[in-house]
Amino acid sequence: MSMFSSFTRELRFFLKQPAAIVLVLVAISLSVFSVWSGLSEVERQQETIERLLVADAKDRAAVLAKESDYGGAAYYSFHLTYDPPSRLAFAALGERDTSPWKHRIRMLALEAQIYESDTANAELAQSGQFDFAFVLSILMPVFLIILLHDLRASERAAGRHDLLVATSASDNNLWRSRAFVRVILLSIGVLIPFLFGAMVSGASLLSIVSVLGIAIAQILFWSFLCLWASARSYAGPTIASGLLAVWMLTTFVVPAMSDAFIEAIIPAPEGGDIILTQRESVNDAWDLPKEATMETFVKEHPEWAEYAEINRPFEWKWYYAFQQVGDQSVADMSEKRRAAILKRDKAAQWFAFLSPSSLTERSLTGVAGTDAKAAMHYQQHVRNFHGSLREYYYPLLFKGAAYEAITLANLPRFKALSDRK
Amino acid sequence: MTITKMIAKDEWRYWWRSKLATSVMLVGLILIAGSSILTAKQMTDAAHERAHLQSEAEEAFFSQPNRHPHRMVHYGHYAFRTPPPLGIIDPGIDAYTGDSIFLEGHRQNSAMFADRQASSELAIFGALTPALLLQTLAPLLLVLIGYNVITREREARTFDQLIAQGMTPLKIMIGKGYALVGVAGLMIVPLFVAIIFATLDGEPFVSASLFMVGYALYLLIWCIGIVLASTMMRTPSASLGALLAAWVVVAILIPRISSNAAVSLVDAPGKIETDFAVIEAVSKVGDGHNAADPAFTALRANMLQQYNVDKVEDLPVNFRGVVAGAAEANLTDILNKFAEERMQVEVAQANIARYFGWLSPVLGIREFSMKVAGVDLETHHRFLRETEALRFDFVQSLNRVHAEKLTFADDANRSSNPEAEKRTRVSAENWKVLDEFDFSSLPANNRIENASMSLMKLVFWVVLLLVLCRFVGRRAL
């Protein structure tokens, strides 16, 4: 019997099994729902950014119109920074519900601003999001277990097993084509909504292929595991229970334990300590002799040495210098914290191999640019932009340039890492 | 021994002999016990750490040198949220909201440093807390142990024998139910121990025992549901399939769907976005640093009239301090209005998600657990309100010092005259205006009252399933 005819035979067989059909239909509708809700969440984020951009420009223009010196302009004008969702973000919303992806910053000490998070409702974040990554990494294994665990056991229970084996040309071929039909129908059903979503959102071919690759790996892993288990001569429910136990342990228990373990072995400086230290430094500056602040400042920025003299009780250049000294005082801690977070992320990459679900989820958020690494990347981008504000204002402040409103037309503009990746 | 007890005992004997049931049970117990110990350690450490940071922050504030009082307004203060005693079982949204907040003049900051942001983010379902295990995984374990309590008897044709001996299906169901309840009882032993610890830590007896009752009711729902499905289905495969489908829908799907629905139905603009409206509203209040701001013309006229003088210099109080206080009060009114609106939107979202508790007992118990423990969204909001009160209080006290202990002339000339500047520095004694902050849970009866609706959801499920059992028990032959 040819491959094709055994395929069509099994397809006809499948179509006579209401339970299997219902399951595939349920899987399709969940996939559709996940893609739809991912697309609408991404659209919400896009719209938010667009609204913020308009409001931000309007607010800054209004504020700058009132100012009469560069110090005041820098103090009162905020700048929106943001990380737009990638074109693939709809499929894996990732950490965007807990990690900040938008800030409004100004030229004051950055460490006091960068940890502000403008994230969504905490109680809802706890439930998590229903995106395509969730369907693929968490639900797909359950679907496969239900569809495949009793390939043989059901026939055995129905008393047809031996007859089927005796009449088919090759024992393995029979089960293989039966499993093949089920897996293919389920996979197509789950992946087509994703492809549709990817087309709507204009994802690149490479990213789509990557997602398909991840999906195929996940599906193959669980299919082979189920097939291996279903070949044991236990009763169907026993096989299913065993497979589910594996799923439960690898989906819930192993990742949570790895998480706790990683946090224990890779300590990160407490964010609160950074803020407190920075705050103390900035506040102390008011009581210190101004030369002391300027000295510390000039040490890091010798280019301003000849302009660092402060004569009046209040000068903007002194004010911004001690803001920057505040940042300098925690630069080390802040650097360590970021390094620790990246190190945790790297360790997590290895631990993810213990959990197919986590590996799938991580790979998807990686491709979609919604993972911890992307969040850190964005943070670095904000730091760079903040640096460019300083570069822009310092010559004006230190050299005591006369205020001309027109100069501010050249204010650095925040440019997102990429418009939409 | 009654017949139902005999059935229960027989079922236990069967489980004892079956490798699958005992290993599932053992894994469950180890997980729940292990996570209870770890979570308890983690949360008590966090509680100590935060209490320590709190007193450190107060210490730092008190030990500031003599200086201008407004400097202290900007120096600011920190407040930390300490977890409640039952937080060792259910930390709730602790990991998702920041646990510290910086309090300063002229601004309401948001809470900072949610743990989740610095975690390795492997755990898709969050940390393995006893609450998560009991709410989500314990039911799955119960399903794996008990899906075939009746379908097995049917398959072995012993069900008919029992009926022939004069048993009713309902009695068999009750017996099997007893057996499962016994398993569930074993699963909440670690919970019981943890609750005793929480009680020793100051949790009132009423709320602690109600907490226990809630979890017992919740697992009872699953026990009844499992017996029911096992009775309604004809084969072990079918009963397992049905129960697994139910578990996936109720424990995995509905919680996520509920949060998606809440976000889609109620639009919650972020803080940055509402800040634009705040800036617009605040711009009308006037800058409290600038006593000459036209916004304070009326205040000036009133004061001059009240003290019957011609110039602000002749007022018995420092007009600049008065302006700072008035501006802070107006500003705070506006900020509070926006903050309240934002909290209401969040609660509206959470309430939509909570409606799904009628569909999923997993959401029902989650709400119940967080409300009784005092780790829900509303508790976080209470933390924000209490810290705001603390902020306003110390800022206004400092503004009063600013108005009463400084002269207008010194205050106005302090940037140009070093002598005047020295006189504007007030003694550090004045920093004592800061109140100590200790965030504690609501009284037990308030928390119980808040949890009553979620308790209803659990009771609803028990009653519904019992009625179904009665109905099915009459026909299942």
# chains A, B, ... in the order shown; residues from 1 in each chain; ligands from 1
>>> select_by_dssp(residues="region 46-267 of chain B", states="alpha helix (DSSP H)", output="PyMOL selection string")
chain B and resi 46-62+69-75+115-118+130-132+138-146+151-155+158-164+169-187+189-200+205-232+236-247+254-265
>>> interface_residues(of="chain A", to="chain B", cutoff="8 Å", atoms="only C-alpha atoms", output="PyMOL selection string")
chain A and resi 37+52+55+59+98-99+103-104+115-130+146+236-238+241+251-253+255-260+262-263+271-272+279+283+312-314+341+344-345+348+352+358+362+372
>>> select_by_dssp(residues="region 5-166 of chain B", states="strand (DSSP E or B)", output="NGL selection string")
:B and (67 or 77-80 or 100-104 or 107-108 or 112)
>>> residues_around(residues="Leu180 (chain B)", least_positions_apart="6", cutoff="8 Å", atoms="only C-alpha atoms", output="VMD selection string")
chain B and resid 142 146 223
>>> residues_around(residues="Ala402 (chain A)", least_positions_apart="4", cutoff="9 Å", atoms="only C-alpha atoms", output="PyMOL selection string")
chain A and resi 69-70+396
>>> write_last_selection(atoms="N, CA, C and O atoms", output="PDB file, in the first residue's frame")
ATOM      1  N   ASP A  69      15.897  80.185  29.806  1.00  0.00           N
ATOM      2  CA  ASP A  69      17.303  79.784  29.825  1.00  0.00           C
ATOM      3  C   ASP A  69      17.393  78.277  29.542  1.00  0.00           C
ATOM      4  O   ASP A  69      16.420  77.542  29.672  1.00  0.00           O
ATOM      5  N   TYR A  70      18.608  77.839  29.172  1.00  0.00           N
ATOM      6  CA  TYR A  70      18.757  76.437  28.787  1.00  0.00           C
ATOM      7  C   TYR A  70      18.562  75.497  29.965  1.00  0.00           C
ATOM      8  O   TYR A  70      18.040  74.391  29.821  1.00  0.00           O
ATOM      9  N   LEU A 396      26.010  74.256  25.895  1.00  0.00           N
ATOM     10  CA  LEU A 396      25.205  75.463  26.064  1.00  0.00           C
ATOM     11  C   LEU A 396      25.291  75.966  27.500  1.00  0.00           C
ATOM     12  O   LEU A 396      25.404  77.161  27.756  1.00  0.00           O
TER      13      LEU A 396
END
>>> atom_distance(atom1="CA of Gly225 (chain B)", atom2="CA of Val183 (chain B)")
14.4 Å
>>> residues_around(residues="Phe197 (chain B)", least_positions_apart="4", cutoff="12 Å", atoms="only C-alpha atoms", output="CSV table (one decimal) with C-alpha atoms, in the first residue's frame")
chain,number,residue,atom,x,y,z
B,36,SER,CA,5.3,25.8,51.7
B,37,ILE,CA,8.7,25.8,53.4
B,40,ALA,CA,7.5,30.8,54.0
B,41,LYS,CA,11.2,31.4,54.2
B,44,THR,CA,9.5,36.0,56.1
B,85,PRO,CA,1.1,36.6,57.8
B,86,LEU,CA,-0.9,34.6,55.3
B,87,GLY,CA,1.5,35.9,52.6
B,88,ILE,CA,3.6,32.8,53.3
B,89,ILE,CA,1.0,30.8,51.6
B,190,PRO,CA,1.0,21.2,54.7
B,191,LEU,CA,-1.4,24.1,54.3
B,192,PHE,CA,-2.7,23.4,57.8
B,193,VAL,CA,0.8,23.6,59.2
B,201,ASP,CA,2.8,35.3,63.3
B,202,GLY,CA,-0.2,37.3,64.3
B,203,GLU,CA,-3.0,36.1,61.9
B,204,PRO,CA,-6.3,36.1,63.8
B,205,PHE,CA,-7.9,32.7,64.3
B,208,ALA,CA,-6.9,31.7,59.4
>>> residues_around(residues="Ala19 (chain A)", least_positions_apart="4", cutoff="10 Å", atoms="only C-alpha atoms", output="CSV table (one decimal) with N, CA and C atoms, in the first residue's frame")
chain,number,residue,atom,x,y,z
A,14,PHE,N,-10.1,9.1,10.5
A,14,PHE,CA,-10.1,10.2,11.5
A,14,PHE,C,-11.5,10.9,11.4
A,15,LEU,N,-12.0,11.1,10.2
A,15,LEU,CA,-13.2,11.9,10.0
A,15,LEU,C,-14.4,11.2,10.6
A,23,LEU,N,-11.7,17.9,19.2
A,23,LEU,CA,-10.5,18.4,19.8
A,23,LEU,C,-9.7,19.3,18.9
A,24,VAL,N,-9.6,18.8,17.6
A,24,VAL,CA,-8.9,19.7,16.6
A,24,VAL,C,-9.6,21.0,16.4
A,25,LEU,N,-10.9,20.9,16.4
A,25,LEU,CA,-11.7,22.2,16.2
A,25,LEU,C,-11.5,23.1,17.4
A,147,LEU,N,-4.6,13.3,21.9
A,147,LEU,CA,-4.8,12.7,20.5
A,147,LEU,C,-4.0,11.4,20.3
B,238,ALA,N,-12.8,7.8,28.8
B,238,ALA,CA,-13.8,8.9,28.6
B,238,ALA,C,-13.8,9.8,29.9
B,241,GLY,N,-10.6,11.8,29.9
B,241,GLY,CA,-10.6,12.8,28.9
B,241,GLY,C,-11.5,14.0,29.3
>>> residues_around(residues="Ser210 (chain A)", least_positions_apart="2", cutoff="12 Å", atoms="only C-alpha atoms", output="PyMOL selection string")
chain A and resi 88+203-208+212-217+360+363-368
>>> closest_residue(among="A:Pro84, A:Pro289, A:Pro302, A:Pro141", to="Ala27 (chain A)", atoms="only C-alpha atoms")
A:Pro141
>>> atom_distance(atom1="CA of Val459 (chain B)", atom2="CA of Ser360 (chain B)")
12.3 Å
>>> closest_residue(among="A:Ile21, A:Ile310, A:Ile192, A:Val35", to="Phe90 (chain A)", atoms="only C-alpha atoms")
A:Val35
>>> decode(residues="region 156-185 of chain B", atoms="C-alpha atoms", output="PDB file, in the first residue's frame")
ATOM      1  CA  ALA B 156     -14.631  -4.631  35.510  1.00  0.00           C
ATOM      2  CA  ARG B 157     -18.414  -5.129  35.689  1.00  0.00           C
ATOM      3  CA  THR B 158     -18.246  -4.879  39.486  1.00  0.00           C
ATOM      4  CA  PHE B 159     -20.521  -1.841  39.406  1.00  0.00           C
ATOM      5  CA  ASP B 160     -23.470  -4.003  38.385  1.00  0.00           C
ATOM      6  CA  GLN B 161     -22.596  -6.510  41.089  1.00  0.00           C
ATOM      7  CA  LEU B 162     -22.690  -3.797  43.729  1.00  0.00           C
ATOM      8  CA  ILE B 163     -26.066  -2.671  42.442  1.00  0.00           C
ATOM      9  CA  ALA B 164     -27.304  -6.256  42.447  1.00  0.00           C
ATOM     10  CA  GLN B 165     -26.324  -6.468  46.102  1.00  0.00           C
ATOM     11  CA  GLY B 166     -28.772  -3.707  46.818  1.00  0.00           C
ATOM     12  CA  MET B 167     -26.515  -0.638  46.716  1.00  0.00           C
ATOM     13  CA  THR B 168     -27.779   2.527  45.122  1.00  0.00           C
ATOM     14  CA  PRO B 169     -25.548   4.420  42.685  1.00  0.00           C
ATOM     15  CA  LEU B 170     -25.767   7.446  44.968  1.00  0.00           C
ATOM     16  CA  LYS B 171     -24.357   5.465  47.894  1.00  0.00           C
ATOM     17  CA  ILE B 172     -21.480   4.206  45.753  1.00  0.00           C
ATOM     18  CA  MET B 173     -20.787   7.784  44.675  1.00  0.00           C
ATOM     19  CA  ILE B 174     -20.800   8.970  48.280  1.00  0.00           C
ATOM     20  CA  GLY B 175     -18.387   6.218  49.277  1.00  0.00           C
ATOM     21  CA  LYS B 176     -16.003   7.032  46.450  1.00  0.00           C
ATOM     22  CA  GLY B 177     -16.370  10.691  47.305  1.00  0.00           C
ATOM     23  CA  TYR B 178     -15.295  10.002  50.894  1.00  0.00           C
ATOM     24  CA  ALA B 179     -12.209   8.230  49.613  1.00  0.00           C
ATOM     25  CA  LEU B 180     -11.229  11.183  47.410  1.00  0.00           C
ATOM     26  CA  VAL B 181     -11.922  13.685  50.152  1.00  0.00           C
ATOM     27  CA  GLY B 182      -9.446  11.708  52.234  1.00  0.00           C
ATOM     28  CA  VAL B 183      -6.775  12.261  49.571  1.00  0.00           C
ATOM     29  CA  ALA B 184      -7.620  15.949  49.390  1.00  0.00           C
ATOM     30  CA  GLY B 185      -7.385  16.076  53.177  1.00  0.00           C
TER      31      GLY B 185
END
